[in-house]
Amino acid sequence: MNPPRGATTALAVAFALASFVLHYSLERRFDRLHVFDQYNVVFQADPNERIGAMSHGWGSAGRNIAHPNLANFTSPFVRAMAMVAVGVGIADGEEALRRSIGLVIVPFAAAVTAAALFALFLRLGLSLLFASLLTILGVVSFSSVVFASIPDHFALSVLIITAAYHLFLNTTRARAVRWWPWFVAMFVAAGITITNLMVVAILLLGSMWGSGRGRVRSAFQVVSVVAVVTLLTYASSFALNRVMNRSQLSVRKSTAWATTFISGDTFFAQAVGFPMAVANTIAPARISIGGPTPSYRPDDRYQFRFTFEDVPRQPTARSLLGLLALGIIAAGVVLSIQRRIAFGAIGIASAAIVAFNWILHGAWGDETFLYSQHWLVPILVLIALAVAAVARRYPRVTAWGVGVFVVAVTLNSLVLLETMLTILRAHAG
């Protein structure tokens with residue numbers, strides 16, 4: 001029995017509002033502590049550059065080889081809103097207003113994502129209760145608490161990946177591909193972060209296979225679309241930069257910049273730590289304090305960084321929540337591969353996305369948790385599939401278990417967040 005439409009709409013709006021309030025208020029607290037004034041304090045994120053790119057279109061942080069159109073997709077709208085507000089006398093100081101508007105982008109994207117996740121879980125056959133609990137899990141997972149509360153590209157990627165999951169279900173149910181929504185999703189994903197083009201491509205390919213289309217022909221079509229979107233992404237970046245009179249994307253400088261993120265560890269050593277990075281996405285055991293990176297300046301307020309890379313990768317008793325999350329994710333993968341659940345195809349595609357990131361970040365990136373938003377939705381879907389399978393046989397026990405788990409994750413995120421804020425306040429001066 002489908003839940004009442006009015007109830008689902010009200011809950012979706014409530015989740016969106018709660019998400020926005022949580023992330024925007026936390027973002028303002030980070031801002032008051034001057035976290036956005038320098039590089040790498042929060043798990044090597046660069047909000048100091050991203051806020052300038054997203055609000056004003058400044059610098060190369062939003063128009064480089066990894067993020068070709070991040071600034072072009074965001075700053076024109078922010079500038080237009082600020083210009084209108086100043087023009088009609090609502091506000092003074094366009095530059096300051098642009099920054100204030102820019103700070104709304106990420107929490108707003110997270111709010112829309114919360115509503116979209118809730119709708120996705122309902123479409124996957126979960127009851128209103130389980131869809132609500134897993135939506136809350138997505139909002140309070142430590143990865144979301146952190147990266148949906150700083151001005152960077154991660155929350156925008158989560159939003160477009162969630163949209164691609166809805167396209168997956170549209171394709172498998174219609175047993176036909178509507179190409180233009182997929183093309184738009186891939187173009188936007190690539191413009192924000194080029195590697196997420198592959199995430200959407202995996203979902204497209206999985207939806208085509210899941211709807212019974214020929215595997216070889218489908219693969220050829222997806223590869224062709226990826227090639228076209230890649231060319232269009234970089235061509236549009238050059239064109240938009242020229243129209244907006246911004247510095248052009250430099251292939252040489254961008255490539256040199258990207259190579260600095262090639263992991264210093266061996267592929268095996270880096271890859272071994274990836275499962276713990278997945279666990280940390282939901283519920284880390286503790287945070288470590290690392291020394292400054294080479295990008296720090298002597299006059300920077302914070303001469304340290306929050307990190308998980310210095311935390312021992314061997315599981316401990318404090319890792320229980322994260323390990324439990326890993327176990328549920330693994331169950332979702334197994335059930336999907338065995339086709340013992342109704343949405344096995346979407347589970348296999350989700351597992352493939354996690355595997356893609358596992359391989360990618362075995363070679364690229366030193367702080368693996370920094371990229372955790374890229375696999376957040378796939379692991380939430382795998383958790384949802386596992387929960388749905390168990391709930392069919394043991395609904396009450398599953399409801400209590402998931403409820404307790406979500407409460408525990410919430411408390412864990414709050415404790416770790418307060419730890420971060422306490423340390424920041426002590427050094428804020």
# chains A, B, ... in the order shown; residues from 1 in each chain; ligands from 1

call {"tool": "select_by_dssp", "arguments": {"residues": "stretch 16-160 of chain A", "states": "alpha helix (DSSP H)", "output": "PDB file with C-alpha atoms, in the first residue's frame"}}
result
ATOM      1  CA  ALA A  16      14.691  19.402   3.349  1.00  0.00           C
ATOM      2  CA  LEU A  17      14.096  22.164   5.898  1.00  0.00           C
ATOM      3  CA  ALA A  18      15.785  20.243   8.720  1.00  0.00           C
ATOM      4  CA  SER A  19      18.773  19.508   6.495  1.00  0.00           C
ATOM      5  CA  PHE A  20      19.084  23.153   5.458  1.00  0.00           C
ATOM      6  CA  VAL A  21      18.888  24.432   9.028  1.00  0.00           C
ATOM      7  CA  LEU A  22      21.469  21.895  10.226  1.00  0.00           C
ATOM      8  CA  HIS A  23      24.006  22.478   7.492  1.00  0.00           C
ATOM      9  CA  TYR A  24      23.593  26.223   7.103  1.00  0.00           C
ATOM     10  CA  SER A  25      23.860  26.852  10.850  1.00  0.00           C
ATOM     11  CA  LEU A  26      26.957  24.661  11.038  1.00  0.00           C
ATOM     12  CA  GLU A  27      28.433  26.390   7.997  1.00  0.00           C
ATOM     13  CA  ARG A  28      27.945  29.770   9.693  1.00  0.00           C
ATOM     14  CA  ARG A  29      29.718  28.463  12.802  1.00  0.00           C
ATOM     15  CA  PHE A  30      32.664  27.295  10.706  1.00  0.00           C
ATOM     16  CA  ASP A  31      32.714  30.660   8.970  1.00  0.00           C
ATOM     17  CA  ARG A  32      32.745  32.598  12.261  1.00  0.00           C
ATOM     18  CA  PRO A  47      36.752  26.214   1.021  1.00  0.00           C
ATOM     19  CA  ASN A  48      38.873  29.366   0.847  1.00  0.00           C
ATOM     20  CA  GLU A  49      39.190  28.907  -2.921  1.00  0.00           C
ATOM     21  CA  ARG A  50      35.802  27.336  -3.600  1.00  0.00           C
ATOM     22  CA  ILE A  51      33.808  30.144  -1.971  1.00  0.00           C
ATOM     23  CA  GLY A  52      35.545  32.633  -4.239  1.00  0.00           C
ATOM     24  CA  ALA A  53      34.918  30.455  -7.289  1.00  0.00           C
ATOM     25  CA  MET A  54      31.263  29.761  -6.517  1.00  0.00           C
ATOM     26  CA  SER A  55      30.367  33.279  -5.356  1.00  0.00           C
ATOM     27  CA  LEU A  70      32.029  24.600 -11.118  1.00  0.00           C
ATOM     28  CA  ALA A  71      32.451  28.375 -11.149  1.00  0.00           C
ATOM     29  CA  ASN A  72      30.563  28.742 -14.436  1.00  0.00           C
ATOM     30  CA  PHE A  73      27.560  26.796 -13.108  1.00  0.00           C
ATOM     31  CA  THR A  74      27.276  28.790  -9.877  1.00  0.00           C
ATOM     32  CA  SER A  75      28.829  32.257  -9.914  1.00  0.00           C
ATOM     33  CA  PRO A  76      26.696  33.798 -12.732  1.00  0.00           C
ATOM     34  CA  PHE A  77      23.508  33.119 -10.756  1.00  0.00           C
ATOM     35  CA  VAL A  78      25.033  34.426  -7.530  1.00  0.00           C
ATOM     36  CA  ARG A  79      26.271  37.565  -9.290  1.00  0.00           C
ATOM     37  CA  ALA A  80      22.884  38.161 -10.905  1.00  0.00           C
ATOM     38  CA  MET A  81      21.033  37.809  -7.589  1.00  0.00           C
ATOM     39  CA  ALA A  82      23.446  40.162  -5.831  1.00  0.00           C
ATOM     40  CA  MET A  83      23.281  42.701  -8.633  1.00  0.00           C
ATOM     41  CA  VAL A  84      19.479  42.750  -8.534  1.00  0.00           C
ATOM     42  CA  ALA A  85      19.403  43.003  -4.730  1.00  0.00           C
ATOM     43  CA  VAL A  86      21.800  45.937  -4.720  1.00  0.00           C
ATOM     44  CA  GLY A  87      20.054  47.538  -7.692  1.00  0.00           C
ATOM     45  CA  GLU A  94      27.633  43.599  -3.894  1.00  0.00           C
ATOM     46  CA  GLU A  95      30.840  41.691  -3.189  1.00  0.00           C
ATOM     47  CA  ALA A  96      29.946  40.913   0.432  1.00  0.00           C
ATOM     48  CA  LEU A  97      26.420  39.972  -0.624  1.00  0.00           C
ATOM     49  CA  ARG A  98      27.754  37.581  -3.259  1.00  0.00           C
ATOM     50  CA  ARG A  99      29.726  35.760  -0.583  1.00  0.00           C
ATOM     51  CA  SER A 100      26.660  35.559   1.666  1.00  0.00           C
ATOM     52  CA  ILE A 101      24.583  34.136  -1.175  1.00  0.00           C
ATOM     53  CA  GLY A 102      27.390  31.743  -2.080  1.00  0.00           C
ATOM     54  CA  LEU A 103      27.305  30.303   1.414  1.00  0.00           C
ATOM     55  CA  VAL A 104      23.688  29.256   0.831  1.00  0.00           C
ATOM     56  CA  ILE A 105      24.488  27.110  -2.222  1.00  0.00           C
ATOM     57  CA  VAL A 106      25.778  23.996  -0.464  1.00  0.00           C
ATOM     58  CA  PRO A 107      23.169  23.814   2.347  1.00  0.00           C
ATOM     59  CA  PHE A 108      20.438  24.405  -0.252  1.00  0.00           C
ATOM     60  CA  ALA A 109      21.806  21.570  -2.415  1.00  0.00           C
ATOM     61  CA  ALA A 110      21.923  19.331   0.661  1.00  0.00           C
ATOM     62  CA  ALA A 111      18.306  20.209   1.463  1.00  0.00           C
ATOM     63  CA  VAL A 112      17.120  19.277  -2.034  1.00  0.00           C
ATOM     64  CA  THR A 113      19.172  16.082  -1.809  1.00  0.00           C
ATOM     65  CA  ALA A 114      17.448  15.107   1.455  1.00  0.00           C
ATOM     66  CA  ALA A 115      14.037  15.367  -0.200  1.00  0.00           C
ATOM     67  CA  ALA A 116      15.288  13.521  -3.296  1.00  0.00           C
ATOM     68  CA  LEU A 117      16.787  10.733  -1.172  1.00  0.00           C
ATOM     69  CA  PHE A 118      13.497  10.306   0.672  1.00  0.00           C
ATOM     70  CA  ALA A 119      11.675   9.996  -2.653  1.00  0.00           C
ATOM     71  CA  LEU A 120      14.320   7.546  -3.893  1.00  0.00           C
ATOM     72  CA  PHE A 121      13.926   5.258  -0.895  1.00  0.00           C
ATOM     73  CA  LEU A 122      10.158   5.224  -1.371  1.00  0.00           C
ATOM     74  CA  ARG A 123      10.638   4.305  -5.028  1.00  0.00           C
ATOM     75  CA  LEU A 128       7.424   5.485   5.072  1.00  0.00           C
ATOM     76  CA  LEU A 129       9.197   4.617   8.318  1.00  0.00           C
ATOM     77  CA  PHE A 130      12.270   3.048   6.759  1.00  0.00           C
ATOM     78  CA  ALA A 131      12.509   5.719   4.047  1.00  0.00           C
ATOM     79  CA  SER A 132      12.420   8.361   6.784  1.00  0.00           C
ATOM     80  CA  LEU A 133      15.048   6.637   8.910  1.00  0.00           C
ATOM     81  CA  LEU A 134      17.456   6.193   5.991  1.00  0.00           C
ATOM     82  CA  THR A 135      16.941   9.791   4.879  1.00  0.00           C
ATOM     83  CA  ILE A 136      17.909  10.898   8.375  1.00  0.00           C
ATOM     84  CA  LEU A 137      20.918   8.569   8.155  1.00  0.00           C
ATOM     85  CA  GLY A 138      21.991  10.312   4.961  1.00  0.00           C
ATOM     86  CA  VAL A 139      21.688  13.747   6.561  1.00  0.00           C
ATOM     87  CA  VAL A 140      23.486  12.897   9.829  1.00  0.00           C
ATOM     88  CA  PHE A 142      29.516  12.245   9.336  1.00  0.00           C
ATOM     89  CA  SER A 143      30.449  12.828   5.712  1.00  0.00           C
ATOM     90  CA  SER A 144      27.280  14.871   5.177  1.00  0.00           C
ATOM     91  CA  VAL A 145      27.593  16.730   8.478  1.00  0.00           C
ATOM     92  CA  VAL A 146      31.022  17.949   7.373  1.00  0.00           C
ATOM     93  CA  PHE A 147      30.916  18.342   3.601  1.00  0.00           C
ATOM     94  CA  PHE A 154      30.844  17.808  -2.832  1.00  0.00           C
ATOM     95  CA  ALA A 155      27.193  18.461  -1.941  1.00  0.00           C
ATOM     96  CA  LEU A 156      26.498  19.492  -5.536  1.00  0.00           C
ATOM     97  CA  SER A 157      27.895  16.159  -6.707  1.00  0.00           C
ATOM     98  CA  VAL A 158      25.664  14.276  -4.248  1.00  0.00           C
ATOM     99  CA  LEU A 159      22.618  16.080  -5.611  1.00  0.00           C
ATOM    100  CA  ILE A 160      23.312  15.187  -9.248  1.00  0.00           C
TER     101      ILE A 160
END

call {"tool": "closest_residue", "arguments": {"among": "A:Ala174, A:Ala331, A:Leu421, A:Leu376", "to": "A:Asn357", "atoms": "only C-alpha atoms"}}
result
A:Leu376

call {"tool": "atom_distance", "arguments": {"atom1": "atom CA of A:Gln38", "atom2": "atom CA of A:Thr233"}}
result
28.9 Å

call {"tool": "atom_distance", "arguments": {"atom1": "atom CA of A:Val177", "atom2": "atom CA of A:Ser207"}}
result
8.5 Å

call {"tool": "closest_residue", "arguments": {"among": "A:Val229, A:Val333, A:Leu411, A:Met276", "to": "A:Gly191", "atoms": "only C-alpha atoms"}}
result
A:Val229

call {"tool": "residues_around", "arguments": {"residues": "A:Pro292", "least_positions_apart": "6", "cutoff": "12 Å", "atoms": "only C-alpha atoms", "output": "MDAnalysis selection string"}}
result
chainID A and resid 38:44 298:307

call {"tool": "write_last_selection", "arguments": {"atoms": "N, CA and C atoms", "output": "JSON list (two decimals), in the first residue's frame"}}
result
[["chain", "number", "residue", "atom", "x", "y", "z"],
["A", 38, "GLN", "N", 41.42, 29.53, 4.91],
["A", 38, "GLN", "CA", 42.67, 28.90, 4.53],
["A", 38, "GLN", "C", 42.42, 27.48, 4.01],
["A", 39, "TYR", "N", 43.48, 26.88, 3.51],
["A", 39, "TYR", "CA", 43.41, 25.54, 2.95],
["A", 39, "TYR", "C", 43.39, 24.45, 4.02],
["A", 40, "ASN", "N", 42.74, 23.34, 3.69],
["A", 40, "ASN", "CA", 43.04, 22.03, 4.26],
["A", 40, "ASN", "C", 42.73, 21.79, 5.73],
["A", 41, "VAL", "N", 42.08, 22.73, 6.42],
["A", 41, "VAL", "CA", 41.80, 22.51, 7.83],
["A", 41, "VAL", "C", 40.86, 21.33, 8.01],
["A", 42, "VAL", "N", 39.81, 21.27, 7.20],
["A", 42, "VAL", "CA", 38.79, 20.24, 7.32],
["A", 42, "VAL", "C", 39.05, 19.14, 6.29],
["A", 43, "PHE", "N", 39.83, 18.15, 6.68],
["A", 43, "PHE", "CA", 40.09, 16.98, 5.83],
["A", 43, "PHE", "C", 40.60, 17.37, 4.44],
["A", 44, "GLN", "N", 41.44, 18.38, 4.39],
["A", 44, "GLN", "CA", 42.11, 18.85, 3.18],
["A", 44, "GLN", "C", 41.16, 19.46, 2.16],
["A", 298, "PRO", "N", 52.75, 30.72, 7.03],
["A", 298, "PRO", "CA", 53.14, 30.92, 8.43],
["A", 298, "PRO", "C", 52.13, 31.72, 9.24],
["A", 299, "ASP", "N", 51.39, 32.62, 8.57],
["A", 299, "ASP", "CA", 50.43, 33.46, 9.29],
["A", 299, "ASP", "C", 49.02, 32.86, 9.33],
["A", 300, "ASP", "N", 48.85, 31.64, 8.87],
["A", 300, "ASP", "CA", 47.53, 31.00, 8.93],
["A", 300, "ASP", "C", 47.12, 30.79, 10.39],
["A", 301, "ARG", "N", 45.84, 30.98, 10.64],
["A", 301, "ARG", "CA", 45.32, 30.86, 11.99],
["A", 301, "ARG", "C", 45.48, 29.44, 12.54],
["A", 302, "TYR", "N", 45.19, 28.45, 11.69],
["A", 302, "TYR", "CA", 45.24, 27.05, 12.12],
["A", 302, "TYR", "C", 46.45, 26.38, 11.47],
["A", 303, "GLN", "N", 47.35, 25.91, 12.31],
["A", 303, "GLN", "CA", 48.54, 25.21, 11.81],
["A", 303, "GLN", "C", 48.38, 23.70, 12.04],
["A", 304, "PHE", "N", 47.19, 23.21, 11.74],
["A", 304, "PHE", "CA", 46.89, 21.79, 11.86],
["A", 304, "PHE", "C", 45.74, 21.47, 10.92],
["A", 305, "ARG", "N", 45.41, 20.21, 10.79],
["A", 305, "ARG", "CA", 44.30, 19.78, 9.95],
["A", 305, "ARG", "C", 43.63, 18.57, 10.60],
["A", 306, "PHE", "N", 42.33, 18.49, 10.43],
["A", 306, "PHE", "CA", 41.62, 17.29, 10.85],
["A", 306, "PHE", "C", 41.83, 16.22, 9.79],
["A", 307, "THR", "N", 42.06, 15.00, 10.23],
["A", 307, "THR", "CA", 42.36, 13.93, 9.28],
["A", 307, "THR", "C", 41.95, 12.58, 9.85]]

call {"tool": "residues_around", "arguments": {"residues": "A:Met208", "least_positions_apart": "6", "cutoff": "10 Å", "atoms": "only C-alpha atoms", "output": "PyMOL selection string"}}
result
chain A and resi 168+171-172+175-177+202+214-215+217-219+222+345

call {"tool": "atom_distance", "arguments": {"atom1": "atom CA of A:Gly125", "atom2": "atom CA of A:Trp209"}}
result
20.6 Å

call {"tool": "closest_residue", "arguments": {"among": "A:Ala351, A:Val387, A:Ala45, A:Leu324", "to": "A:Thr293", "atoms": "only C-alpha atoms"}}
result
A:Ala45
